[in-house]
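To be precise, the following lines are target-v2.pdb, and they hold PDB, C-alpha atoms.
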```
ATOM      1  CA  MET A   1      72.379 -17.213  32.578
ATOM      2  CA  MET A   2      68.997 -16.218  31.140
ATOM      3  CA  ARG A   3      67.830 -12.887  32.518
ATOM      4  CA  LEU A   4      64.388 -11.382  32.557
ATOM      5  CA  PRO A   5      63.728  -8.538  30.127
ATOM      6  CA  TRP A   6      62.951  -5.107  31.567
ATOM      7  CA  PHE A   7      59.344  -4.539  32.602
ATOM      8  CA  ASP A   8      57.216  -2.287  34.791
ATOM      9  CA  TYR A   9      55.424  -3.876  37.728
ATOM     10  CA  ARG A  10      51.960  -3.028  39.045
ATOM     11  CA  ALA A  11      50.571  -4.453  42.307
ATOM     12  CA  PRO A  12      46.866  -3.572  42.556
ATOM     13  CA  ARG A  13      44.974  -4.266  45.787
ATOM     14  CA  SER A  14      41.532  -4.863  44.295
ATOM     15  CA  LEU A  15      40.024  -6.608  41.323
ATOM     16  CA  GLY A  16      38.604  -3.376  39.954
ATOM     17  CA  GLU A  17      42.007  -1.704  40.118
ATOM     18  CA  ALA A  18      43.640  -4.645  38.337
ATOM     19  CA  ALA A  19      41.023  -4.609  35.575
ATOM     20  CA  THR A  20      41.470  -0.860  35.082
ATOM     21  CA  ILE A  21      45.252  -1.171  34.810
ATOM     22  CA  LEU A  22      44.959  -4.074  32.396
ATOM     23  CA  ALA A  23      42.538  -2.166  30.178
ATOM     24  CA  GLY A  24      44.705   0.939  30.222
ATOM     25  CA  GLU A  25      47.959  -0.817  29.354
ATOM     26  CA  GLY A  26      46.398  -2.809  26.511
ATOM     27  CA  PRO A  27      48.298  -5.600  24.738
ATOM     28  CA  HIS A  28      51.617  -4.601  26.335
ATOM     29  CA  ALA A  29      50.486  -5.927  29.751
ATOM     30  CA  MET A  30      50.224  -9.442  31.139
ATOM     31  CA  LEU A  31      48.855 -10.838  34.389
ATOM     32  CA  ILE A  32      51.118 -12.560  36.884
ATOM     33  CA  ALA A  33      50.101 -14.578  39.936
ATOM     34  CA  GLY A  34      52.634 -17.249  40.918
ATOM     35  CA  GLY A  35      54.751 -16.644  37.825
ATOM     36  CA  THR A  36      55.894 -20.263  37.665
ATOM     37  CA  ASP A  37      55.292 -20.473  33.916
ATOM     38  CA  LEU A  38      55.349 -16.837  32.817
ATOM     39  CA  LEU A  39      58.756 -15.912  34.238
ATOM     40  CA  PRO A  40      60.663 -18.816  32.596
ATOM     41  CA  ASN A  41      58.908 -17.953  29.326
ATOM     42  CA  MET A  42      60.034 -14.358  29.666
ATOM     43  CA  LYS A  43      63.617 -15.465  30.279
ATOM     44  CA  ARG A  44      63.479 -17.430  27.021
ATOM     45  CA  ARG A  45      61.965 -14.346  25.304
ATOM     46  CA  GLN A  46      58.865 -16.283  24.363
ATOM     47  CA  MET A  47      56.988 -13.449  26.027
ATOM     48  CA  ALA A  48      58.185  -9.910  26.668
ATOM     49  CA  PRO A  49      55.402  -7.825  28.249
ATOM     50  CA  ARG A  50      56.237  -4.237  29.092
ATOM     51  CA  VAL A  51      54.013  -4.330  32.177
ATOM     52  CA  LEU A  52      53.237  -7.114  34.652
ATOM     53  CA  VAL A  53      50.021  -6.751  36.658
ATOM     54  CA  SER A  54      50.256  -8.786  39.847
ATOM     55  CA  LEU A  55      47.211 -10.604  41.238
ATOM     56  CA  ARG A  56      48.854 -11.812  44.460
ATOM     57  CA  ASN A  57      47.441  -9.106  46.745
ATOM     58  CA  ILE A  58      43.816  -9.251  45.636
ATOM     59  CA  PRO A  59      41.631 -10.882  48.341
ATOM     60  CA  GLU A  60      38.698 -11.527  45.975
ATOM     61  CA  LEU A  61      40.823 -14.111  44.158
ATOM     62  CA  LYS A  62      41.461 -16.228  47.242
ATOM     63  CA  ARG A  63      37.963 -17.389  48.137
ATOM     64  CA  ASN A  64      37.334 -21.037  48.911
ATOM     65  CA  GLY A  65      34.297 -23.317  48.987
ATOM     66  CA  ALA A  66      31.963 -24.230  46.129
ATOM     67  CA  VAL A  67      33.498 -21.176  44.444
ATOM     68  CA  LEU A  68      37.280 -21.384  44.209
ATOM     69  CA  GLY A  69      39.164 -18.144  43.799
ATOM     70  CA  ALA A  70      41.596 -18.201  40.875
ATOM     71  CA  GLY A  71      44.340 -17.120  43.277
ATOM     72  CA  THR A  72      44.017 -20.306  45.333
ATOM     73  CA  THR A  73      47.359 -22.093  45.209
ATOM     74  CA  LEU A  74      47.643 -25.629  43.944
ATOM     75  CA  SER A  75      48.998 -26.721  47.324
ATOM     76  CA  GLU A  76      45.900 -25.324  49.024
ATOM     77  CA  ILE A  77      43.712 -27.358  46.680
ATOM     78  CA  VAL A  78      45.633 -30.548  47.467
ATOM     79  CA  ARG A  79      45.058 -29.995  51.188
ATOM     80  CA  LYS A  80      41.264 -29.637  50.942
ATOM     81  CA  PRO A  81      39.638 -33.089  51.334
ATOM     82  CA  GLU A  82      36.192 -31.605  50.702
ATOM     83  CA  LEU A  83      37.120 -30.912  47.076
ATOM     84  CA  PRO A  84      36.560 -33.608  44.405
ATOM     85  CA  ARG A  85      39.296 -36.214  44.369
ATOM     86  CA  GLY A  86      40.001 -35.792  40.656
ATOM     87  CA  LEU A  87      40.783 -32.109  41.100
ATOM     88  CA  ARG A  88      43.034 -32.767  44.103
ATOM     89  CA  GLN A  89      44.861 -35.504  42.176
ATOM     90  CA  ALA A  90      45.413 -33.183  39.226
ATOM     91  CA  ALA A  91      46.723 -30.364  41.422
ATOM     92  CA  ALA A  92      48.995 -32.762  43.323
ATOM     93  CA  GLN A  93      50.697 -33.864  40.099
ATOM     94  CA  VAL A  94      51.602 -30.380  38.862
ATOM     95  CA  ALA A  95      55.367 -29.766  38.987
ATOM     96  CA  THR A  96      56.937 -29.887  42.478
ATOM     97  CA  VAL A  97      55.834 -28.883  45.964
ATOM     98  CA  HIS A  98      57.769 -25.604  45.695
ATOM     99  CA  LEU A  99      56.012 -24.655  42.458
ATOM    100  CA  ARG A 100      52.613 -25.776  43.755
ATOM    101  CA  ASN A 101      53.117 -23.483  46.736
ATOM    102  CA  MET A 102      53.433 -20.559  44.309
ATOM    103  CA  GLY A 103      51.351 -21.658  41.329
ATOM    104  CA  THR A 104      47.645 -20.812  41.308
ATOM    105  CA  LEU A 105      44.536 -22.489  39.978
ATOM    106  CA  GLY A 106      43.891 -19.623  37.559
ATOM    107  CA  GLY A 107      47.457 -19.749  36.309
ATOM    108  CA  ASN A 108      47.281 -23.466  35.634
ATOM    109  CA  LEU A 109      43.987 -23.099  33.779
ATOM    110  CA  CYS A 110      45.501 -20.387  31.558
ATOM    111  CA  LEU A 111      48.824 -22.200  31.104
ATOM    112  CA  ASP A 112      50.544 -21.526  27.785
ATOM    113  CA  THR A 113      50.627 -24.359  25.261
ATOM    114  CA  ARG A 114      53.922 -26.194  24.883
ATOM    115  CA  CYS A 115      56.022 -27.615  22.033
ATOM    116  CA  ASN A 116      59.546 -28.965  21.635
ATOM    117  CA  TYR A 117      60.255 -26.273  19.028
ATOM    118  CA  TYR A 118      58.830 -23.443  21.133
ATOM    119  CA  ASN A 119      59.970 -24.145  24.684
ATOM    120  CA  GLN A 120      63.632 -23.479  23.987
ATOM    121  CA  ASN A 121      65.888 -20.519  24.609
ATOM    122  CA  TYR A 122      66.047 -17.647  22.140
ATOM    123  CA  GLU A 123      69.320 -18.732  20.485
ATOM    124  CA  TRP A 124      68.017 -22.274  19.894
ATOM    125  CA  ARG A 125      64.826 -20.990  18.315
ATOM    126  CA  LYS A 126      66.728 -18.463  16.206
ATOM    127  CA  ALA A 127      68.956 -21.244  14.852
ATOM    128  CA  ILE A 128      65.920 -22.955  13.262
ATOM    129  CA  ASP A 129      64.459 -19.636  12.049
ATOM    130  CA  PHE A 130      61.919 -19.736  14.904
ATOM    131  CA  CYS A 131      58.499 -21.404  14.642
ATOM    132  CA  LEU A 132      54.930 -20.457  13.856
ATOM    133  CA  LYS A 133      54.026 -19.879  17.514
ATOM    134  CA  LYS A 134      56.695 -17.205  18.011
ATOM    135  CA  ASP A 135      58.554 -15.093  15.421
ATOM    136  CA  GLY A 136      58.538 -17.709  12.622
ATOM    137  CA  GLU A 137      56.356 -18.760   9.714
ATOM    138  CA  ILE A 138      56.519 -22.574   9.830
ATOM    139  CA  CYS A 139      55.134 -25.123  12.256
ATOM    140  CA  TRP A 140      58.034 -27.577  12.465
ATOM    141  CA  VAL A 141      55.746 -30.294  13.845
ATOM    142  CA  ALA A 142      53.367 -30.131  10.892
ATOM    143  CA  THR A 143      55.091 -28.108   8.180
ATOM    144  CA  ALA A 144      52.012 -27.937   5.947
ATOM    145  CA  SER A 145      49.799 -26.697   8.768
ATOM    146  CA  LYS A 146      48.619 -23.104   8.889
ATOM    147  CA  ARG A 147      47.758 -23.575  12.567
ATOM    148  CA  CYS A 148      50.108 -23.992  15.516
ATOM    149  CA  VAL A 149      49.695 -27.442  17.074
ATOM    150  CA  ALA A 150      51.426 -26.776  20.419
ATOM    151  CA  ALA A 151      49.850 -28.947  23.115
ATOM    152  CA  SER A 152      47.748 -27.917  26.075
ATOM    153  CA  SER A 153      49.642 -28.808  29.261
ATOM    154  CA  THR A 154      47.265 -27.879  32.064
ATOM    155  CA  ASP A 155      46.439 -30.655  34.543
ATOM    156  CA  THR A 156      43.578 -29.027  36.413
ATOM    157  CA  ALA A 157      41.555 -28.128  33.307
ATOM    158  CA  PRO A 158      40.677 -31.720  32.244
ATOM    159  CA  ALA A 159      39.750 -32.558  35.846
ATOM    160  CA  LEU A 160      37.489 -29.512  36.147
ATOM    161  CA  ILE A 161      35.965 -29.981  32.692
ATOM    162  CA  ALA A 162      34.980 -33.526  33.682
ATOM    163  CA  LEU A 163      33.376 -32.059  36.808
ATOM    164  CA  GLY A 164      31.335 -29.582  34.752
ATOM    165  CA  ALA A 165      33.009 -26.455  36.160
ATOM    166  CA  THR A 166      32.407 -22.904  34.974
ATOM    167  CA  VAL A 167      34.678 -19.870  35.299
ATOM    168  CA  ARG A 168      34.083 -16.149  35.705
ATOM    169  CA  LEU A 169      35.906 -13.609  33.546
ATOM    170  CA  VAL A 170      36.037  -9.984  34.713
ATOM    171  CA  SER A 171      37.135  -6.855  32.863
ATOM    172  CA  ALA A 172      36.649  -3.114  33.164
ATOM    173  CA  GLN A 173      33.670  -3.587  30.826
ATOM    174  CA  GLY A 174      31.862  -6.136  32.995
ATOM    175  CA  GLU A 175      31.893  -9.838  33.739
ATOM    176  CA  ARG A 176      30.727 -13.079  32.169
ATOM    177  CA  ASP A 177      30.492 -16.753  33.120
ATOM    178  CA  VAL A 178      31.518 -19.484  30.689
ATOM    179  CA  ALA A 179      31.737 -23.245  30.854
ATOM    180  CA  LEU A 180      35.370 -24.152  31.421
ATOM    181  CA  ALA A 181      35.325 -26.347  28.316
ATOM    182  CA  ASP A 182      34.445 -23.235  26.297
ATOM    183  CA  LEU A 183      37.444 -21.311  27.632
ATOM    184  CA  TYR A 184      39.722 -23.181  25.221
ATOM    185  CA  LYS A 185      40.262 -23.179  21.468
ATOM    186  CA  ASN A 186      42.104 -25.789  19.424
ATOM    187  CA  ASP A 187      44.857 -23.407  18.387
ATOM    188  CA  GLY A 188      48.330 -23.471  19.899
ATOM    189  CA  ILE A 189      48.709 -19.692  19.633
ATOM    190  CA  ASP A 190      45.203 -18.356  20.233
ATOM    191  CA  TYR A 191      44.277 -21.060  22.728
ATOM    192  CA  LEU A 192      41.956 -19.129  25.077
ATOM    193  CA  THR A 193      38.616 -17.422  24.531
ATOM    194  CA  ARG A 194      39.530 -15.109  27.412
ATOM    195  CA  ARG A 195      40.146 -11.610  26.045
ATOM    196  CA  PRO A 196      43.473  -9.915  26.884
ATOM    197  CA  ASP A 197      41.642  -7.393  29.091
ATOM    198  CA  GLU A 198      39.822 -10.079  31.091
ATOM    199  CA  ILE A 199      40.858 -11.654  34.397
ATOM    200  CA  LEU A 200      39.855 -15.192  35.295
ATOM    201  CA  THR A 201      38.655 -14.637  38.851
ATOM    202  CA  GLU A 202      36.933 -17.796  40.055
ATOM    203  CA  VAL A 203      36.006 -21.378  39.323
ATOM    204  CA  ASN A 204      32.501 -22.586  40.140
ATOM    205  CA  LEU A 205      31.977 -26.258  40.915
ATOM    206  CA  PRO A 206      28.503 -27.771  40.555
ATOM    207  CA  VAL A 207      27.054 -29.810  43.408
ATOM    208  CA  ALA A 208      29.197 -32.930  43.656
ATOM    209  CA  LYS A 209      26.671 -35.146  45.483
ATOM    210  CA  GLY A 210      26.708 -38.618  43.982
ATOM    211  CA  TRP A 211      29.747 -37.912  41.796
ATOM    212  CA  LYS A 212      33.159 -39.578  42.027
ATOM    213  CA  SER A 213      36.164 -38.442  40.012
ATOM    214  CA  SER A 214      39.719 -39.403  39.158
ATOM    215  CA  TYR A 215      42.689 -37.977  37.239
ATOM    216  CA  TRP A 216      45.525 -39.976  35.666
ATOM    217  CA  LYS A 217      48.612 -38.422  34.161
ATOM    218  CA  LEU A 218      51.392 -39.681  31.921
ATOM    219  CA  ARG A 219      54.717 -37.815  32.033
ATOM    220  CA  ARG A 220      58.339 -38.609  31.319
ATOM    221  CA  ARG A 221      59.510 -38.171  34.896
ATOM    222  CA  GLY A 222      57.266 -39.689  37.527
ATOM    223  CA  ALA A 223      58.250 -37.151  40.189
ATOM    224  CA  PHE A 224      57.433 -33.988  38.237
ATOM    225  CA  ASP A 225      56.855 -32.953  34.645
ATOM    226  CA  PHE A 226      54.293 -31.574  32.223
ATOM    227  CA  PRO A 227      51.696 -34.090  31.041
ATOM    228  CA  VAL A 228      51.989 -35.852  27.712
ATOM    229  CA  LEU A 229      48.583 -37.383  28.442
ATOM    230  CA  GLY A 230      45.969 -36.452  30.999
ATOM    231  CA  VAL A 231      42.748 -38.415  31.557
ATOM    232  CA  ALA A 232      40.024 -37.090  33.849
ATOM    233  CA  ALA A 233      36.817 -38.982  34.588
ATOM    234  CA  ALA A 234      33.763 -38.128  36.680
ATOM    235  CA  VAL A 235      30.899 -40.559  37.210
ATOM    236  CA  ARG A 236      27.565 -40.379  39.035
ATOM    237  CA  THR A 237      25.924 -43.685  39.907
ATOM    238  CA  ALA A 238      22.599 -44.804  41.331
ATOM    239  CA  ARG A 239      22.375 -46.869  44.511
ATOM    240  CA  ASP A 240      22.558 -50.105  42.536
ATOM    241  CA  GLY A 241      25.778 -48.975  40.802
ATOM    242  CA  THR A 242      24.183 -48.072  37.474
ATOM    243  CA  VAL A 243      25.823 -45.064  35.846
ATOM    244  CA  GLU A 244      23.447 -42.115  35.655
ATOM    245  CA  ASP A 245      25.927 -39.666  34.135
ATOM    246  CA  ALA A 246      29.606 -39.720  33.191
ATOM    247  CA  ARG A 247      32.167 -37.401  31.673
ATOM    248  CA  ILE A 248      35.680 -38.183  30.428
ATOM    249  CA  ALA A 249      38.063 -35.388  29.415
ATOM    250  CA  LEU A 250      41.485 -35.494  27.801
ATOM    251  CA  GLY A 251      44.470 -33.203  28.135
ATOM    252  CA  ALA A 252      47.858 -32.882  26.398
ATOM    253  CA  VAL A 253      46.735 -34.633  23.188
ATOM    254  CA  SER A 254      45.537 -31.454  21.486
ATOM    255  CA  SER A 255      45.958 -27.695  21.725
ATOM    256  CA  ARG A 256      43.025 -27.694  24.146
ATOM    257  CA  PRO A 257      41.681 -29.955  26.885
ATOM    258  CA  PHE A 258      38.340 -31.334  25.789
ATOM    259  CA  LEU A 259      35.377 -33.498  26.746
ATOM    260  CA  THR A 260      35.042 -36.769  24.846
ATOM    261  CA  ARG A 261      31.970 -38.882  24.097
ATOM    262  CA  GLY A 262      33.318 -41.883  25.959
ATOM    263  CA  GLY A 263      31.311 -41.112  29.064
ATOM    264  CA  GLU A 264      28.047 -41.390  27.148
ATOM    265  CA  LEU A 265      28.682 -45.081  26.548
ATOM    266  CA  LEU A 266      28.622 -45.754  30.291
ATOM    267  CA  ILE A 267      25.183 -44.299  30.997
ATOM    268  CA  GLY A 268      22.662 -46.968  31.962
ATOM    269  CA  LYS A 269      25.381 -49.549  32.605
ATOM    270  CA  LYS A 270      27.432 -50.620  35.589
ATOM    271  CA  LEU A 271      31.179 -50.056  35.681
ATOM    272  CA  GLY A 272      32.065 -53.546  34.600
ATOM    273  CA  ASP A 273      35.212 -54.412  32.719
ATOM    274  CA  ASP A 274      33.458 -54.623  29.335
ATOM    275  CA  ALA A 275      31.789 -51.212  29.726
ATOM    276  CA  ILE A 276      35.092 -49.679  30.822
ATOM    277  CA  ALA A 277      36.927 -51.187  27.848
ATOM    278  CA  GLU A 278      34.280 -49.882  25.442
ATOM    279  CA  ALA A 279      34.522 -46.367  26.890
ATOM    280  CA  GLY A 280      38.323 -46.510  26.767
ATOM    281  CA  ALA A 281      38.316 -47.436  23.079
ATOM    282  CA  LYS A 282      35.920 -44.583  22.301
ATOM    283  CA  VAL A 283      38.054 -42.026  24.139
ATOM    284  CA  ALA A 284      41.241 -43.302  22.489
ATOM    285  CA  SER A 285      39.719 -42.689  19.068
ATOM    286  CA  ALA A 286      39.386 -38.993  19.925
ATOM    287  CA  ALA A 287      43.021 -38.566  21.008
ATOM    288  CA  LYS A 288      45.168 -36.900  18.335
ATOM    289  CA  PRO A 289      48.623 -36.419  19.886
ATOM    290  CA  MET A 290      51.316 -34.759  17.790
ATOM    291  CA  ASP A 291      55.085 -35.217  17.734
ATOM    292  CA  ASN A 292      55.663 -32.036  19.707
ATOM    293  CA  THR A 293      56.459 -33.246  23.203
ATOM    294  CA  ASP A 294      58.025 -36.122  25.132
ATOM    295  CA  LEU A 295      57.558 -39.818  24.287
ATOM    296  CA  ASP A 296      56.422 -41.427  21.048
ATOM    297  CA  LEU A 297      53.119 -40.051  19.788
ATOM    298  CA  TYR A 298      51.831 -43.460  18.652
ATOM    299  CA  TRP A 299      52.503 -44.963  22.076
ATOM    300  CA  ARG A 300      50.859 -41.979  23.767
ATOM    301  CA  LYS A 301      47.728 -42.638  21.740
ATOM    302  CA  ALA A 302      47.882 -46.380  22.322
ATOM    303  CA  VAL A 303      47.851 -46.023  26.121
ATOM    304  CA  VAL A 304      44.835 -43.684  26.254
ATOM    305  CA  ALA A 305      42.412 -46.581  26.661
ATOM    306  CA  GLU A 306      44.540 -48.005  29.472
ATOM    307  CA  PHE A 307      44.536 -44.689  31.315
ATOM    308  CA  VAL A 308      40.776 -44.356  30.904
ATOM    309  CA  GLY A 309      40.459 -47.835  32.360
ATOM    310  CA  CYS A 310      42.641 -46.869  35.323
ATOM    311  CA  ALA A 311      40.546 -43.779  36.046
ATOM    312  CA  LEU A 312      37.239 -45.650  35.830
ATOM    313  CA  ARG A 313      38.414 -48.608  37.901
ATOM    314  CA  GLU A 314      39.595 -46.216  40.596
ATOM    315  CA  ILE A 315      36.150 -44.592  40.587
ATOM    316  CA  ARG A 316      34.642 -48.100  40.806
ATOM    317  CA  GLY A 317      36.593 -48.617  43.999
ATOM    318  CA  ASP A 318      39.507 -50.768  42.857
ATOM    319  CA  ASP A 319      42.818 -50.350  44.667
ATOM    320  CA  MET A 320      44.968 -48.665  41.995
ATOM    321  CA  ARG A 321      47.929 -47.615  44.105
ATOM    322  CA  ALA A 322      50.333 -50.207  42.681
ATOM    323  CA  THR A 323      49.279 -49.294  39.147
ATOM    324  CA  ARG A 324      49.987 -45.620  39.808
ATOM    325  CA  VAL A 325      53.504 -46.543  40.889
ATOM    326  CA  ARG A 326      54.066 -48.632  37.739
ATOM    327  CA  ILE A 327      52.817 -45.818  35.509
ATOM    328  CA  ALA A 328      55.111 -43.362  37.234
ATOM    329  CA  ARG A 329      57.952 -45.688  36.233
ATOM    330  CA  HIS A 330      56.590 -46.138  32.669
ATOM    331  CA  ALA A 331      55.907 -49.816  33.191
ATOM    332  CA  LEU A 332      52.217 -49.873  32.360
TER     333      LEU A 332
END
```

Before anything else, please render the file you have as structure tokens.
Amino acid sequence: MMRLPWFDYRAPRSLGEAATILAGEGPHAMLIAGGTDLLPNMKRRQMAPRVLVSLRNIPELKRNGAVLGAGTTLSEIVRKPELPRGLRQAAAQVATVHLRNMGTLGGNLCLDTRCNYYNQNYEWRKAIDFCLKKDGEICWVATASKRCVAASSTDTAPALIALGATVRLVSAQGERDVALADLYKNDGIDYLTRRPDEILTEVNLPVAKGWKSSYWKLRRRGAFDFPVLGVAAAVRTARDGTVEDARIALGAVSSRPFLTRGGELLIGKKLGDDAIAEAGAKVASAAKPMDNTDLDLYWRKAVVAEFVGCALREIRGDDMRATRVRIARHAL
């Protein structure tokens, strides 16, 4: 049985109190909300903070509306039909119902990167002399690399990046707003631009009038699993169906979720099959999956265009329910 290491626990009742504790404890402290990712990582000794600062009892983090509090659970997001469909689809495909009831939006956005050589117990990792991400000196995925290539595994981030979301970061020193796309860095270890003393408090969604969105996920197990590919698309069309603006974001094919240039190819066109295929090919060219997670990396890259097509056809209004079932069974 893997047991948690010893730690002190703080349960502040306000955002200001949490920020003060976090600043005072320094690098030895970590934030915990639902704990669905952090606690298993602590059991595997991937992380061993001396102090956990809980965010569960802070009312400022549970706001809803155009501004979503970072403490909003994933299950709550799924149950809100007024939110963009792409975001609700992404939240609905995270883990299981039990974990979505505990897991929060902020936690999923700040989810640790994953790798087959990192997400193992301590004894397994010790047997290979550890890896670059934790306690070692070599990236076993790319042995010549000086950078960790662990993959981003958040589902909600690509969906929100496609929607043009921003986030607020609060510390004892003040607060700042950043575009969600700028929250991430392409580094498996140092993957967030959020400082250790900052708390992600809210997600701001721009006006969604005229926009439609969709999120498609590839994973080994159709019922629940981390993504090995995530495709998020958001499109705004004119009355005649001409695309006025479009964004397509990718997840799980890099150490960060990122916006591609595929959406630009759709502007001024209608969502016909040729335009969708062209956008899919452009997005696929930007996908750089590594051999650090489930399924063959070459196949994961090859199906990117298909997943982009699925997302865009769903936005167009096609009935994609049967296709979702086939994908869940890996019969694309």

* Asked: To one decimal place, how far is atom CA of Gly188 of chain A from atom CA of Gly251 of chain A in Å?
  ->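 Here the two named atoms are 13.3 Å from each other.
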
* Excluding Ala90 of chain A and residues on its chain fewer than 6 positions from it, collect all residues at most 9 Å away from it, counting only C-alpha atoms, and give them as a list in words. =>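 In the requested format, the answer is Val78, Asp155, Thr156, Ala157, Pro158, Ala159, Ser214, Tyr215, Trp216, Lys217, Gly230 and Ala232 of chain A.
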
* For the structure provided, state which residues fall under the PyMOL selection byres ((chain A and resi 172-187) around 8), and present them as a PyMOL selection string. => chain A and resi 16+19-20+23+147-150+157+160-161+164-171+188-194+197-198+254-259

* Structure fact -> If you count only C-alpha atoms, the residue of A:Ser213, A:Gln93, A:Thr201, A:Asn292 closest to Asn64 of chain A turns out to be A:Thr201

* To do: Could you state which residues are captured by the PyMOL selection byres ((chain A and resi 329) around 10) in this file, as a PyMOL selection string?
  => chain A and resi 218-223+323-328+330-332

Selection result of the PyMOL selection byres ((chain A and resi 278-289) around 9) on this file, as a PDB file with C-alpha atoms, in the coordinates of the input:
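Output contents, as saved in out.pdb:
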```pdb
ATOM      1  CA  ALA A 151      49.850 -28.947  23.115  1.00  0.00           C
ATOM      2  CA  VAL A 228      51.989 -35.852  27.712  1.00  0.00           C
ATOM      3  CA  LEU A 229      48.583 -37.383  28.442  1.00  0.00           C
ATOM      4  CA  ILE A 248      35.680 -38.183  30.428  1.00  0.00           C
ATOM      5  CA  ALA A 249      38.063 -35.388  29.415  1.00  0.00           C
ATOM      6  CA  LEU A 250      41.485 -35.494  27.801  1.00  0.00           C
ATOM      7  CA  ALA A 252      47.858 -32.882  26.398  1.00  0.00           C
ATOM      8  CA  VAL A 253      46.735 -34.633  23.188  1.00  0.00           C
ATOM      9  CA  SER A 254      45.537 -31.454  21.486  1.00  0.00           C
ATOM     10  CA  THR A 260      35.042 -36.769  24.846  1.00  0.00           C
ATOM     11  CA  ARG A 261      31.970 -38.882  24.097  1.00  0.00           C
ATOM     12  CA  GLY A 262      33.318 -41.883  25.959  1.00  0.00           C
ATOM     13  CA  GLY A 263      31.311 -41.112  29.064  1.00  0.00           C
ATOM     14  CA  GLU A 264      28.047 -41.390  27.148  1.00  0.00           C
ATOM     15  CA  LEU A 265      28.682 -45.081  26.548  1.00  0.00           C
ATOM     16  CA  LEU A 266      28.622 -45.754  30.291  1.00  0.00           C
ATOM     17  CA  ASP A 273      35.212 -54.412  32.719  1.00  0.00           C
ATOM     18  CA  ASP A 274      33.458 -54.623  29.335  1.00  0.00           C
ATOM     19  CA  ALA A 275      31.789 -51.212  29.726  1.00  0.00           C
ATOM     20  CA  ILE A 276      35.092 -49.679  30.822  1.00  0.00           C
ATOM     21  CA  ALA A 277      36.927 -51.187  27.848  1.00  0.00           C
ATOM     22  CA  MET A 290      51.316 -34.759  17.790  1.00  0.00           C
ATOM     23  CA  ASP A 291      55.085 -35.217  17.734  1.00  0.00           C
ATOM     24  CA  ASN A 292      55.663 -32.036  19.707  1.00  0.00           C
ATOM     25  CA  LEU A 297      53.119 -40.051  19.788  1.00  0.00           C
ATOM     26  CA  TYR A 298      51.831 -43.460  18.652  1.00  0.00           C
ATOM     27  CA  ARG A 300      50.859 -41.979  23.767  1.00  0.00           C
ATOM     28  CA  LYS A 301      47.728 -42.638  21.740  1.00  0.00           C
ATOM     29  CA  ALA A 302      47.882 -46.380  22.322  1.00  0.00           C
ATOM     30  CA  VAL A 303      47.851 -46.023  26.121  1.00  0.00           C
ATOM     31  CA  VAL A 304      44.835 -43.684  26.254  1.00  0.00           C
ATOM     32  CA  ALA A 305      42.412 -46.581  26.661  1.00  0.00           C
ATOM     33  CA  GLU A 306      44.540 -48.005  29.472  1.00  0.00           C
ATOM     34  CA  PHE A 307      44.536 -44.689  31.315  1.00  0.00           C
ATOM     35  CA  VAL A 308      40.776 -44.356  30.904  1.00  0.00           C
ATOM     36  CA  GLY A 309      40.459 -47.835  32.360  1.00  0.00           C
TER      37      GLY A 309
END
```

* Asked: For Phe226 of chain A, which residue among A:Leu4, A:Met30, A:Leu38, A:Cys115 is the nearest when counting only C-alpha atoms?
  -> A:Cys115

Emit as AutoDock Vina command-line options the padded axis-aligned box for all listed atoms of segment 45-59 of chain A, 8 Å per side, with centre and edge lengths in Å to one decimal.
```
--center_x 51.8 --center_y -10.3 --center_z 36.4 --size_x 36.3 --size_y 28.0 --size_z 40.0
```

* To do: Give me, please, the distance in Å between atom CA of Arg114 of chain A and atom CA of Arg100 of chain A, quoted to one decimal.
  =>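 Separation of atom CA of Arg114 of chain A and atom CA of Arg100 of chain A: 18.9 Å.
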
* **Residue neighbourhood Trp140 of chain A, 10 Å, all atoms listed in the file, exclusion window fewer than 2 positions, as number ranges by chain** => A: 115-118, 128, 130-132, 136-138, 142-145, 148-149, 291-292

* Smallest atom-to-atom distance to Gly86 of chain A: which of A:Trp211, A:Tyr9, A:Phe224, A:Trp299, using only C-alpha atoms? ->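 Nearest candidate to Gly86 of chain A out of A:Trp211, A:Tyr9, A:Phe224, A:Trp299: A:Trp211.
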
* Structure fact -> Here atom CA of Glu123 of chain A and atom CA of Phe7 of chain A stand apart by 21.2 Å

Would you kindly return, as a PDB file with C-alpha atoms, in the frame of the given file, each protein, DNA or RNA residue with an atom no farther than 9 Å from any atom of Gly241 of chain A, considering all atoms listed in the file and excluding same-chain residues fewer than 4 positions away?
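For reference, out-v7.pdb as written:
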```
ATOM      1  CA  ARG A 236      27.565 -40.379  39.035  1.00  0.00           C
ATOM      2  CA  THR A 237      25.924 -43.685  39.907  1.00  0.00           C
ATOM      3  CA  LYS A 269      25.381 -49.549  32.605  1.00  0.00           C
ATOM      4  CA  LYS A 270      27.432 -50.620  35.589  1.00  0.00           C
ATOM      5  CA  LEU A 271      31.179 -50.056  35.681  1.00  0.00           C
ATOM      6  CA  ARG A 316      34.642 -48.100  40.806  1.00  0.00           C
TER       7      ARG A 316
END
```

* Might you pull out every residue within 7 Å of Arg247 of chain A, with only C-alpha atoms counted and same-chain residues fewer than 4 positions away left off, and present them as a PyMOL selection string? => chain A and resi 162+233-235+263

* **Polymer residues at most 8 Å from Lys43 of chain A, all atoms listed in the file, same-chain spacing of 4 or more positions, as a PyMOL selection string** => chain A and resi 2-5+39+121

* To do: Using all atoms listed in the file, find the one residue out of A:Thr293, A:Thr113, A:Ser14, A:Ser153 that sits nearest to Ser54 of chain A.
  => A:Ser14

* **Pick from A:Leu295, A:Asp318, A:Ala11, A:Ala66 nearest to Pro84 of chain A, counting all atoms listed in the file** =>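 Of all the options, A:Ala66 lies closest to Pro84 of chain A.
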